Amino acid sequence: MVGRALAPCAALALLACGAPAPGRPAAPVEEADAAPAPAFVIYEGDAISPLARDDGFLYWAAPDGVLRRPLGGPDAGEIAVVSRATAGLTITALVVAGDRVVCTDGGQVVAVPVVGDPDAAPVVLGDGLEPVTALAGDAGGVYAALGDTIVELRAGAEPRQVAIGQGEVTSLALDADSVWWVDHDPDPDAGDPTAPLGARITGEGAVRRAPRAGGPIAEVAGAQPSPVQVRRHGDRVYWATERGVAVRSLPVAGHATPRVELDGRAGGLAVDDRGVVAIDLGGTIRERRADGTIAVLATGDGVLTPALDRDAVVADGWVYAVAVRNDLGRPVLTATPRGRDDVTVAAPVTGQLQQLRSRGGALYWVETDRDGAGRAAVYRADPRRHRRRLLGRFRGWVSDLAVGEGAVYLAADTEIFRVPTRGGKVGLFRYTAAGAVQALTVHRGHLLWVNGAALVALRLTARAPFEVARNDRGSGGGDLGATLVFDDDYVYLTSFGWGGTGVYRISERGQVTVLWDGATTGSYPTGDLVRLGDQLYFVADGALRRLDVTGGDPQTVATFGEDFPVAMVSGGDLLYLMVRRSGPAGEWLELDRVVPGEAPVAILRCSAYGSDLPRLADDDAAYLFVDDAVGIMRIARDAAPWPGLPLAPM
């Protein structure tokens, strides 16, 4: 390989970075139990019903009957049997109604006292009602959804109709005056439009209510994308959907535009004075707090899969939910603490995210529509506000993204586009006939990129680019995604051109030096490269390696066995590494933090579901995108270690 200067390159000396390094976090906690676990398993059995609670206890049904335990964490108290009368039944819904626990197996509805003889016979509120699709109850009464009909149930009396012809009712809620429900996926041919309780309401899913005593049906929110759960709390009604926005809400009194509480997709939903909690399809539990902050309380880790047909319950500092252990196929009851503040949602994402960067305290990214039409959009967000701003739209697939000097630059094959960071038209900035653009970087007034055969620089105030260095073995066909890093005198990169399988240093005069040749060992480094001080970090052969900027033999920092790193960035004097891991229970993604001279520490584990590639960025924190159900996550630099899931504090 030969490097040569092809144009005056004194400008390259101006490209030195010299960015100050933020303060280093406190040393990681070594003991796994010194930080709160994402979830605790507090019960494990062959079948667990949806959950319910009163002021002091959590209730559920299992093969042994109806059970309860005090609200709180793993050590809150012992599990007690409320009733053995339901032993052997598969309970599909359960509520606490005053001094009774009411449950159903889908065909009959029975009530047992909260306190009493566990062996006493239950009171039958209804029989032969199949299908019972939802229950709600309080001290004033018990209500059930029978498919498309909502009724009030009383012992010894026929069910009293409250609403009919409602399509598919999947969830009920009560307040002092009304019954609330969600119509998940209405059948336009269902119902009787001449019925006395009101005409059939057709269309998409909807949120509706009716007086508890019977009366006109009111549509609270129509055209909702598959709503599945509804909750009433304070002066608002909340509902979760399987498609589109995860959780919305409306004030109970008067008409208004629905407020978005959480983006993405959701199944489990719970609300209290502290916030709105939702569980998505991958097992991530998010909470939108009263101050607008969205915290990530737990993420799927390949061990547990949430049972989204089971209601989530919140109380004080805990979220309770039902999940399935993937390794054993058995359901478990989990308690997740709500106090974690170092992992939050920085920005929502609705499309397929292509590239992600963080610069000057702001996030920039490109996402495309998921319909395959090729429409793309450039966004900017302030991570502290959980809002995004559209900067511009265009068509194409972005292979790289760079931010600086008041603009966002986008590489799409042999073209470079530009849009101001304040927003505007996305315009063609440069066409490069030499090859596909990779490693796009803005640095000290220059735009740099690799085109497969050469490292190219363009002073942003000039008209023409110049080649800094060329690889004689380069084909011009593009690079595999190198990262450019700088010090005062050199630029460093991996995979420089076709056939370049090592780590390279390029001087301001265009001289190329091979610091490490992977071909000698049959290794091929990935494109990500990080410089911390006088050390370069890269991944080759599934191992994290460290190499001095002057060259030599690289040292192995960490090995990952059959697992493999998929992304790497630097944050101040720290290194963040995204690793795809697998085990008997499944696959998951792990974000590791590396302090030079210390072993990697896992600070986040999340589900590897979804079709999106993990994206990683850094600035004042680490930013991670895994799937649009969650959005872009912000992980504080001093985030506590993310311990493994303890499967047995019972």
# chains A, B, ... in the order shown; residues from 1 in each chain; ligands from 1
$ closest_atom_pairs --of "range 504-554 of chain A" --to "range 573-589 of chain A" --cutoff "12 Å" --atoms "only C-alpha atoms" --output "CSV"
residue,atom,partner,partner_atom,distance
A:Asp528,CA,A:Leu577,CA,10.1
A:Leu529,CA,A:Leu575,CA,10.4
A:Val530,CA,A:Leu575,CA,7.7
A:Arg531,CA,A:Asp573,CA,9.1
A:Leu532,CA,A:Asp573,CA,6.1
A:Gly533,CA,A:Asp573,CA,8.0
A:Asp534,CA,A:Asp573,CA,11.5
A:Gln535,CA,A:Asp573,CA,11.1
A:Leu536,CA,A:Leu575,CA,10.9
A:Tyr537,CA,A:Leu575,CA,8.7
A:Phe538,CA,A:Leu577,CA,10.2
A:Val539,CA,A:Leu577,CA,9.8
A:Gly542,CA,A:Val579,CA,9.8
A:Ala543,CA,A:Val579,CA,10.8
A:Leu544,CA,A:Leu577,CA,9.1
A:Arg546,CA,A:Leu575,CA,11.6
$ write_last_selection --atoms "all heavy atoms" --output "short mmCIF file (atom, residue, chain, number, x, y, z; two decimals), in the first residue's frame"
data_model
loop_
_atom_site.label_atom_id
_atom_site.label_comp_id
_atom_site.auth_asym_id
_atom_site.auth_seq_id
_atom_site.Cartn_x
_atom_site.Cartn_y
_atom_site.Cartn_z
N ASP A 528 -15.76 0.34 13.10
CA ASP A 528 -15.74 1.24 14.24
C ASP A 528 -14.34 1.32 14.84
O ASP A 528 -13.68 0.31 15.09
CB ASP A 528 -16.73 0.78 15.31
CG ASP A 528 -18.17 0.95 14.86
OD1 ASP A 528 -18.42 1.81 14.00
OD2 ASP A 528 -19.04 0.21 15.35
N LEU A 529 -13.89 2.54 15.10
CA LEU A 529 -12.58 2.79 15.69
C LEU A 529 -12.73 3.91 16.70
O LEU A 529 -13.42 4.90 16.44
CB LEU A 529 -11.58 3.18 14.60
CG LEU A 529 -10.13 3.44 15.03
CD1 LEU A 529 -9.48 2.15 15.49
CD2 LEU A 529 -9.34 4.07 13.88
N VAL A 530 -12.08 3.78 17.85
CA VAL A 530 -12.15 4.77 18.93
C VAL A 530 -10.74 5.08 19.39
O VAL A 530 -9.91 4.18 19.55
CB VAL A 530 -13.00 4.23 20.11
CG1 VAL A 530 -12.82 5.11 21.35
CG2 VAL A 530 -14.47 4.17 19.71
N ARG A 531 -10.46 6.38 19.61
CA ARG A 531 -9.18 6.78 20.21
C ARG A 531 -9.43 7.33 21.59
O ARG A 531 -10.22 8.26 21.78
CB ARG A 531 -8.48 7.85 19.35
CG ARG A 531 -7.11 8.27 19.93
CD ARG A 531 -6.46 9.35 19.09
NE ARG A 531 -7.14 10.62 19.18
CZ ARG A 531 -6.92 11.54 20.14
NH1 ARG A 531 -6.05 11.30 21.10
NH2 ARG A 531 -7.58 12.68 20.11
N LEU A 532 -8.76 6.75 22.57
CA LEU A 532 -8.77 7.25 23.94
C LEU A 532 -7.32 7.51 24.33
O LEU A 532 -6.54 6.56 24.52
CB LEU A 532 -9.41 6.24 24.90
CG LEU A 532 -10.88 5.88 24.66
CD1 LEU A 532 -11.36 4.87 25.69
CD2 LEU A 532 -11.75 7.13 24.72
N GLY A 533 -6.94 8.78 24.42
CA GLY A 533 -5.55 9.11 24.70
C GLY A 533 -4.66 8.66 23.56
O GLY A 533 -4.89 8.98 22.40
N ASP A 534 -3.63 7.87 23.89
CA ASP A 534 -2.70 7.36 22.89
C ASP A 534 -3.03 5.94 22.46
O ASP A 534 -2.18 5.24 21.88
CB ASP A 534 -1.27 7.40 23.43
CG ASP A 534 -0.77 8.83 23.63
OD1 ASP A 534 -1.24 9.70 22.87
OD2 ASP A 534 0.05 9.06 24.54
N GLN A 535 -4.24 5.50 22.74
CA GLN A 535 -4.63 4.14 22.41
C GLN A 535 -5.80 4.14 21.42
O GLN A 535 -6.72 4.95 21.53
CB GLN A 535 -5.03 3.36 23.67
CG GLN A 535 -3.94 3.28 24.73
CD GLN A 535 -2.76 2.45 24.26
OE1 GLN A 535 -2.92 1.38 23.68
NE2 GLN A 535 -1.55 2.95 24.52
N LEU A 536 -5.75 3.23 20.47
CA LEU A 536 -6.83 3.01 19.51
C LEU A 536 -7.53 1.70 19.86
O LEU A 536 -6.87 0.68 20.13
CB LEU A 536 -6.29 2.93 18.08
CG LEU A 536 -5.56 4.16 17.57
CD1 LEU A 536 -4.87 3.84 16.24
CD2 LEU A 536 -6.53 5.33 17.39
N TYR A 537 -8.86 1.72 19.87
CA TYR A 537 -9.65 0.52 20.18
C TYR A 537 -10.43 0.11 18.94
O TYR A 537 -11.04 0.95 18.26
CB TYR A 537 -10.61 0.81 21.33
CG TYR A 537 -9.93 1.01 22.66
CD1 TYR A 537 -9.36 2.24 22.99
CD2 TYR A 537 -9.85 -0.02 23.60
CE1 TYR A 537 -8.73 2.44 24.21
CE2 TYR A 537 -9.23 0.17 24.83
CZ TYR A 537 -8.67 1.41 25.12
OH TYR A 537 -8.06 1.60 26.33
N PHE A 538 -10.44 -1.18 18.67
CA PHE A 538 -11.20 -1.70 17.54
C PHE A 538 -11.57 -3.15 17.85
O PHE A 538 -11.08 -3.76 18.81
CB PHE A 538 -10.40 -1.61 16.24
CG PHE A 538 -9.13 -2.41 16.23
CD1 PHE A 538 -9.08 -3.69 15.68
CD2 PHE A 538 -7.96 -1.88 16.77
CE1 PHE A 538 -7.90 -4.43 15.68
CE2 PHE A 538 -6.78 -2.61 16.78
CZ PHE A 538 -6.74 -3.89 16.23
N VAL A 539 -12.45 -3.71 17.03
CA VAL A 539 -12.91 -5.09 17.21
C VAL A 539 -12.44 -5.91 16.01
O VAL A 539 -12.62 -5.50 14.86
CB VAL A 539 -14.43 -5.16 17.33
CG1 VAL A 539 -14.91 -6.62 17.33
CG2 VAL A 539 -14.90 -4.46 18.60
N GLY A 542 -14.02 -10.95 16.82
CA GLY A 542 -14.91 -11.05 17.96
C GLY A 542 -14.31 -10.60 19.27
O GLY A 542 -14.89 -10.85 20.33
N ALA A 543 -13.14 -9.95 19.24
CA ALA A 543 -12.48 -9.49 20.47
C ALA A 543 -12.24 -7.99 20.39
O ALA A 543 -11.99 -7.43 19.31
CB ALA A 543 -11.16 -10.21 20.68
N LEU A 544 -12.34 -7.31 21.54
CA LEU A 544 -12.00 -5.90 21.64
C LEU A 544 -10.49 -5.79 21.82
O LEU A 544 -9.93 -6.39 22.74
CB LEU A 544 -12.73 -5.26 22.82
CG LEU A 544 -12.39 -3.80 23.10
CD1 LEU A 544 -12.79 -2.91 21.93
CD2 LEU A 544 -13.09 -3.32 24.38
N ARG A 546 -6.74 -3.30 21.71
CA ARG A 546 -6.17 -1.98 21.97
C ARG A 546 -4.81 -1.91 21.29
O ARG A 546 -3.98 -2.81 21.43
CB ARG A 546 -6.05 -1.75 23.47
CG ARG A 546 -5.46 -0.40 23.85
CD ARG A 546 -5.48 -0.19 25.36
NE ARG A 546 -4.68 -1.19 26.04
CZ ARG A 546 -5.09 -1.90 27.10
NH1 ARG A 546 -6.31 -1.74 27.57
NH2 ARG A 546 -4.29 -2.78 27.68
#
$ select_by_dssp --residues "range 401-514 of chain A" --states "strand (DSSP E or B)" --output "count of residues only"
59
$ residues_around --residues "Trp397 in chain A" --least-positions-apart "3" --cutoff "10 Å" --atoms "only C-alpha atoms" --output "PyMOL selection string"
chain A and resi 354-355+366-368+374-376+394+400+410-413
$ write_last_selection --atoms "N, CA, C and O atoms" --output "mmCIF file, in the first residue's frame"
data_model
loop_
_atom_site.group_PDB
_atom_site.id
_atom_site.type_symbol
_atom_site.label_atom_id
_atom_site.label_comp_id
_atom_site.auth_asym_id
_atom_site.auth_seq_id
_atom_site.Cartn_x
_atom_site.Cartn_y
_atom_site.Cartn_z
ATOM 1 N N GLN A 354 -31.962 4.778 10.228
ATOM 2 C CA GLN A 354 -30.798 4.399 9.427
ATOM 3 C C GLN A 354 -29.492 4.809 10.089
ATOM 4 O O GLN A 354 -28.556 4.016 10.199
ATOM 5 N N GLN A 355 -29.391 6.076 10.496
ATOM 6 C CA GLN A 355 -28.157 6.592 11.071
ATOM 7 C C GLN A 355 -28.496 7.464 12.268
ATOM 8 O O GLN A 355 -29.554 8.106 12.302
ATOM 9 N N VAL A 366 -31.686 9.881 10.801
ATOM 10 C CA VAL A 366 -32.474 9.703 9.585
ATOM 11 C C VAL A 366 -33.305 8.447 9.747
ATOM 12 O O VAL A 366 -32.795 7.406 10.180
ATOM 13 N N GLU A 367 -34.587 8.529 9.431
ATOM 14 C CA GLU A 367 -35.432 7.348 9.441
ATOM 15 C C GLU A 367 -36.259 7.298 8.162
ATOM 16 O O GLU A 367 -36.607 8.338 7.588
ATOM 17 N N THR A 368 -36.538 6.088 7.710
ATOM 18 C CA THR A 368 -37.342 5.891 6.509
ATOM 19 C C THR A 368 -38.677 5.273 6.884
ATOM 20 O O THR A 368 -38.802 4.590 7.904
ATOM 21 N N GLY A 374 -39.181 4.246 0.176
ATOM 22 C CA GLY A 374 -37.940 4.993 0.052
ATOM 23 C C GLY A 374 -38.006 6.418 0.546
ATOM 24 O O GLY A 374 -37.082 7.197 0.310
ATOM 25 N N ARG A 375 -39.092 6.810 1.224
ATOM 26 C CA ARG A 375 -39.178 8.164 1.775
ATOM 27 C C ARG A 375 -38.360 8.242 3.061
ATOM 28 O O ARG A 375 -38.502 7.387 3.941
ATOM 29 N N ALA A 376 -37.525 9.255 3.167
ATOM 30 C CA ALA A 376 -36.663 9.416 4.331
ATOM 31 C C ALA A 376 -36.864 10.807 4.925
ATOM 32 O O ALA A 376 -37.272 11.742 4.238
ATOM 33 N N PHE A 394 -36.469 13.627 2.005
ATOM 34 C CA PHE A 394 -35.931 13.309 0.687
ATOM 35 C C PHE A 394 -36.134 11.818 0.447
ATOM 36 O O PHE A 394 -36.668 11.098 1.302
ATOM 37 N N ASP A 400 -24.373 7.081 5.599
ATOM 38 C CA ASP A 400 -23.607 7.730 6.664
ATOM 39 C C ASP A 400 -24.184 9.122 6.903
ATOM 40 O O ASP A 400 -24.884 9.684 6.054
ATOM 41 N N LEU A 410 -25.522 14.129 4.521
ATOM 42 C CA LEU A 410 -26.041 12.778 4.345
ATOM 43 C C LEU A 410 -25.364 12.130 3.155
ATOM 44 O O LEU A 410 -25.348 12.701 2.051
ATOM 45 N N ALA A 411 -24.805 10.932 3.353
ATOM 46 C CA ALA A 411 -24.190 10.187 2.260
ATOM 47 C C ALA A 411 -25.178 9.145 1.765
ATOM 48 O O ALA A 411 -25.709 8.351 2.542
ATOM 49 N N ALA A 412 -25.448 9.162 0.454
ATOM 50 C CA ALA A 412 -26.328 8.188 -0.178
ATOM 51 C C ALA A 412 -25.655 7.726 -1.461
ATOM 52 O O ALA A 412 -25.698 8.436 -2.478
ATOM 53 N N ASP A 413 -24.975 6.592 -1.397
ATOM 54 C CA ASP A 413 -24.222 6.047 -2.524
ATOM 55 C C ASP A 413 -23.128 7.042 -2.929
ATOM 56 O O ASP A 413 -22.249 7.341 -2.126
#
$ residues_around --residues "Ala407 in chain A" --least-positions-apart "4" --cutoff "12 Å" --atoms "only C-alpha atoms" --output "NGL selection string"
:A and (359 or 364 or 378 or 380 or 391-392 or 401-403 or 417-427 or 429 or 441-442 or 445 or 447 or 460)
$ write_last_selection --atoms "C-alpha atoms" --output "PDB file, in the first residue's frame"
ATOM      1  CA  ARG A 359     -23.465  16.648  18.490  1.00  0.00           C
ATOM      2  CA  TYR A 364     -29.667  13.916  14.752  1.00  0.00           C
ATOM      3  CA  VAL A 378     -33.974  13.986   8.888  1.00  0.00           C
ATOM      4  CA  ARG A 380     -33.224  16.729  15.387  1.00  0.00           C
ATOM      5  CA  LEU A 391     -35.442  19.151   9.445  1.00  0.00           C
ATOM      6  CA  GLY A 392     -36.239  17.928   5.925  1.00  0.00           C
ATOM      7  CA  LEU A 401     -24.415  10.947   8.514  1.00  0.00           C
ATOM      8  CA  ALA A 402     -22.267  13.839   9.736  1.00  0.00           C
ATOM      9  CA  VAL A 403     -23.106  17.022  11.648  1.00  0.00           C
ATOM     10  CA  PHE A 417     -26.826  15.895   0.588  1.00  0.00           C
ATOM     11  CA  ARG A 418     -27.026  18.839   2.972  1.00  0.00           C
ATOM     12  CA  VAL A 419     -29.750  20.340   5.183  1.00  0.00           C
ATOM     13  CA  PRO A 420     -29.303  23.177   7.746  1.00  0.00           C
ATOM     14  CA  THR A 421     -29.526  22.136  11.395  1.00  0.00           C
ATOM     15  CA  ARG A 422     -32.349  24.653  11.796  1.00  0.00           C
ATOM     16  CA  GLY A 423     -34.296  22.852   9.048  1.00  0.00           C
ATOM     17  CA  GLY A 424     -35.046  23.503   5.404  1.00  0.00           C
ATOM     18  CA  LYS A 425     -34.733  21.874   2.019  1.00  0.00           C
ATOM     19  CA  VAL A 426     -32.534  18.800   1.647  1.00  0.00           C
ATOM     20  CA  GLY A 427     -30.329  19.669  -1.321  1.00  0.00           C
ATOM     21  CA  PHE A 429     -24.273  19.125  -1.946  1.00  0.00           C
ATOM     22  CA  THR A 441     -17.126  13.403   8.964  1.00  0.00           C
ATOM     23  CA  VAL A 442     -17.231  17.155   9.641  1.00  0.00           C
ATOM     24  CA  GLY A 445     -14.214  23.371   8.787  1.00  0.00           C
ATOM     25  CA  LEU A 447     -15.993  17.605   5.227  1.00  0.00           C
ATOM     26  CA  LEU A 460     -16.573  23.902   3.371  1.00  0.00           C
TER      27      LEU A 460
END
$ closest_residue --among "A:Asp105, A:Asp138, A:Asp55, A:Glu598" --to "Ala315 in chain A" --atoms "only C-alpha atoms"
A:Asp55
$ closest_residue --among "A:Val271, A:Ile79, A:Val110, A:Leu58" --to "Gly128 in chain A" --atoms "only C-alpha atoms"
A:Val110
$ residues_around --residues "range 329-344 of chain A" --least-positions-apart "4" --cutoff "6 Å" --atoms "only C-alpha atoms" --output "PyMOL selection string"
chain A and resi 38-44+46+294-296+317-325+633-636+639
$ atom_distance --atom1 "CA of Val109 in chain A" --atom2 "CA of Gly234 in chain A"
28.6 Å
$ residues_around --residues "Val101 in chain A" --least-positions-apart "4" --cutoff "9 Å" --atoms "only C-alpha atoms" --output "list in words"
Ala52, Tyr59, Val66, Val82, Leu94, Val95, Val96, Ala97, Val110, Ala111, Val112, Pro113 and Val114 of chain A
$ closest_residue --among "A:Asp487, A:Ala346, A:Gly264, A:Thr461" --to "Leu624 in chain A" --atoms "only C-alpha atoms"
A:Ala346
$ closest_residue --among "A:Gln511, A:Ser495, A:Thr305, A:Thr299" --to "Arg605 in chain A" --atoms "only C-alpha atoms"
A:Thr299
$ atom_distance --atom1 "CA of Gly283 in chain A" --atom2 "CA of Val207 in chain A"
25.1 Å
$ residues_around --residues "Leu71 in chain A" --least-positions-apart "2" --cutoff "8 Å" --atoms "only C-alpha atoms" --output "number ranges by chain"
A: 56-58, 69, 73, 76, 315
$ closest_residue --among "A:Ala629, A:Val179, A:Ala540, A:Leu328" --to "Val247 in chain A" --atoms "only C-alpha atoms"
A:Ala629
$ closest_atom_pairs --of "range 37-142 of chain A" --to "range 171-174 of chain A" --cutoff "8 Å" --atoms "only C-alpha atoms" --output "tab-separated table"
residue	atom	partner	partner_atom	distance
A:Thr133	CA	A:Ser171	CA	7.5
A:Ala134	CA	A:Ser171	CA	5.2
A:Leu135	CA	A:Leu172	CA	6.2
A:Ala136	CA	A:Leu172	CA	5.6
A:Gly137	CA	A:Leu174	CA	7.2
A:Asp138	CA	A:Leu174	CA	7.8
$ write_last_selection --atoms "N, CA and C atoms" --output "PDB file, in the first residue's frame"
ATOM      1  N   THR A 133     -64.928 -11.401  27.998  1.00  0.00           N
ATOM      2  CA  THR A 133     -63.668 -10.868  27.474  1.00  0.00           C
ATOM      3  C   THR A 133     -63.035  -9.813  28.368  1.00  0.00           C
ATOM      4  N   ALA A 134     -63.769  -9.300  29.371  1.00  0.00           N
ATOM      5  CA  ALA A 134     -63.199  -8.291  30.270  1.00  0.00           C
ATOM      6  C   ALA A 134     -64.068  -8.196  31.515  1.00  0.00           C
ATOM      7  N   LEU A 135     -63.456  -7.793  32.630  1.00  0.00           N
ATOM      8  CA  LEU A 135     -64.149  -7.576  33.899  1.00  0.00           C
ATOM      9  C   LEU A 135     -63.740  -6.228  34.472  1.00  0.00           C
ATOM     10  N   ALA A 136     -64.653  -5.619  35.232  1.00  0.00           N
ATOM     11  CA  ALA A 136     -64.335  -4.437  36.034  1.00  0.00           C
ATOM     12  C   ALA A 136     -65.238  -4.471  37.254  1.00  0.00           C
ATOM     13  N   GLY A 137     -64.743  -3.982  38.374  1.00  0.00           N
ATOM     14  CA  GLY A 137     -65.553  -4.003  39.576  1.00  0.00           C
ATOM     15  C   GLY A 137     -65.061  -3.040  40.621  1.00  0.00           C
ATOM     16  N   ASP A 138     -65.972  -2.617  41.489  1.00  0.00           N
ATOM     17  CA  ASP A 138     -65.646  -1.832  42.667  1.00  0.00           C
ATOM     18  C   ASP A 138     -66.717  -2.125  43.707  1.00  0.00           C
TER      19      ASP A 138
END
$ decode --residues "range 448-456 of chain A" --atoms "all heavy atoms" --output "mmCIF file, in the first residue's frame"
data_model
loop_
_atom_site.group_PDB
_atom_site.id
_atom_site.type_symbol
_atom_site.label_atom_id
_atom_site.label_comp_id
_atom_site.auth_asym_id
_atom_site.auth_seq_id
_atom_site.Cartn_x
_atom_site.Cartn_y
_atom_site.Cartn_z
ATOM 1 N N LEU A 448 -14.977 15.397 5.325
ATOM 2 C CA LEU A 448 -14.095 14.316 4.873
ATOM 3 C C LEU A 448 -14.914 13.061 4.645
ATOM 4 O O LEU A 448 -15.930 12.836 5.302
ATOM 5 C CB LEU A 448 -12.995 14.028 5.898
ATOM 6 C CG LEU A 448 -11.991 15.153 6.175
ATOM 7 C CD1 LEU A 448 -12.399 15.933 7.412
ATOM 8 C CD2 LEU A 448 -10.587 14.572 6.357
ATOM 9 N N TRP A 449 -14.431 12.214 3.725
ATOM 10 C CA TRP A 449 -15.072 10.924 3.506
ATOM 11 C C TRP A 449 -14.082 9.966 2.836
ATOM 12 O O TRP A 449 -13.041 10.365 2.325
ATOM 13 C CB TRP A 449 -16.331 11.071 2.659
ATOM 14 C CG TRP A 449 -16.136 11.558 1.250
ATOM 15 C CD1 TRP A 449 -15.897 10.807 0.132
ATOM 16 C CD2 TRP A 449 -16.170 12.919 0.812
ATOM 17 N NE1 TRP A 449 -15.782 11.603 -0.971
ATOM 18 C CE2 TRP A 449 -15.965 12.905 -0.595
ATOM 19 C CE3 TRP A 449 -16.371 14.153 1.448
ATOM 20 C CZ2 TRP A 449 -15.931 14.074 -1.353
ATOM 21 C CZ3 TRP A 449 -16.347 15.313 0.689
ATOM 22 C CH2 TRP A 449 -16.123 15.266 -0.695
ATOM 23 N N VAL A 450 -14.439 8.696 2.865
ATOM 24 C CA VAL A 450 -13.678 7.656 2.178
ATOM 25 C C VAL A 450 -14.539 7.150 1.033
ATOM 26 O O VAL A 450 -15.719 6.854 1.227
ATOM 27 C CB VAL A 450 -13.319 6.498 3.128
ATOM 28 C CG1 VAL A 450 -12.656 5.358 2.366
ATOM 29 C CG2 VAL A 450 -12.400 6.990 4.236
ATOM 30 N N ASN A 451 -13.964 7.062 -0.168
ATOM 31 C CA ASN A 451 -14.740 6.601 -1.312
ATOM 32 C C ASN A 451 -14.318 5.222 -1.807
ATOM 33 O O ASN A 451 -14.611 4.839 -2.935
ATOM 34 C CB ASN A 451 -14.674 7.614 -2.461
ATOM 35 C CG ASN A 451 -13.258 7.786 -3.008
ATOM 36 O OD1 ASN A 451 -12.377 6.972 -2.768
ATOM 37 N ND2 ASN A 451 -13.045 8.860 -3.765
ATOM 38 N N GLY A 452 -13.599 4.484 -0.993
ATOM 39 C CA GLY A 452 -13.145 3.158 -1.377
ATOM 40 C C GLY A 452 -11.716 3.149 -1.849
ATOM 41 O O GLY A 452 -10.971 2.222 -1.574
ATOM 42 N N ALA A 453 -11.311 4.186 -2.577
ATOM 43 C CA ALA A 453 -9.946 4.262 -3.082
ATOM 44 C C ALA A 453 -9.133 5.345 -2.403
ATOM 45 O O ALA A 453 -7.914 5.333 -2.459
ATOM 46 C CB ALA A 453 -9.953 4.505 -4.591
ATOM 47 N N ALA A 454 -9.810 6.322 -1.769
ATOM 48 C CA ALA A 454 -9.070 7.464 -1.243
ATOM 49 C C ALA A 454 -9.799 8.090 -0.066
ATOM 50 O O ALA A 454 -11.012 7.939 0.097
ATOM 51 C CB ALA A 454 -8.854 8.510 -2.337
ATOM 52 N N LEU A 455 -9.018 8.806 0.751
ATOM 53 C CA LEU A 455 -9.553 9.695 1.761
ATOM 54 C C LEU A 455 -9.631 11.079 1.129
ATOM 55 O O LEU A 455 -8.627 11.601 0.640
ATOM 56 C CB LEU A 455 -8.658 9.722 2.993
ATOM 57 C CG LEU A 455 -8.998 10.765 4.055
ATOM 58 C CD1 LEU A 455 -10.359 10.491 4.671
ATOM 59 C CD2 LEU A 455 -7.915 10.801 5.141
ATOM 60 N N VAL A 456 -10.832 11.678 1.127
ATOM 61 C CA VAL A 456 -11.080 12.928 0.435
ATOM 62 C C VAL A 456 -11.487 13.996 1.447
ATOM 63 O O VAL A 456 -12.197 13.694 2.422
ATOM 64 C CB VAL A 456 -12.184 12.761 -0.632
ATOM 65 C CG1 VAL A 456 -12.415 14.065 -1.398
ATOM 66 C CG2 VAL A 456 -11.818 11.639 -1.603
#
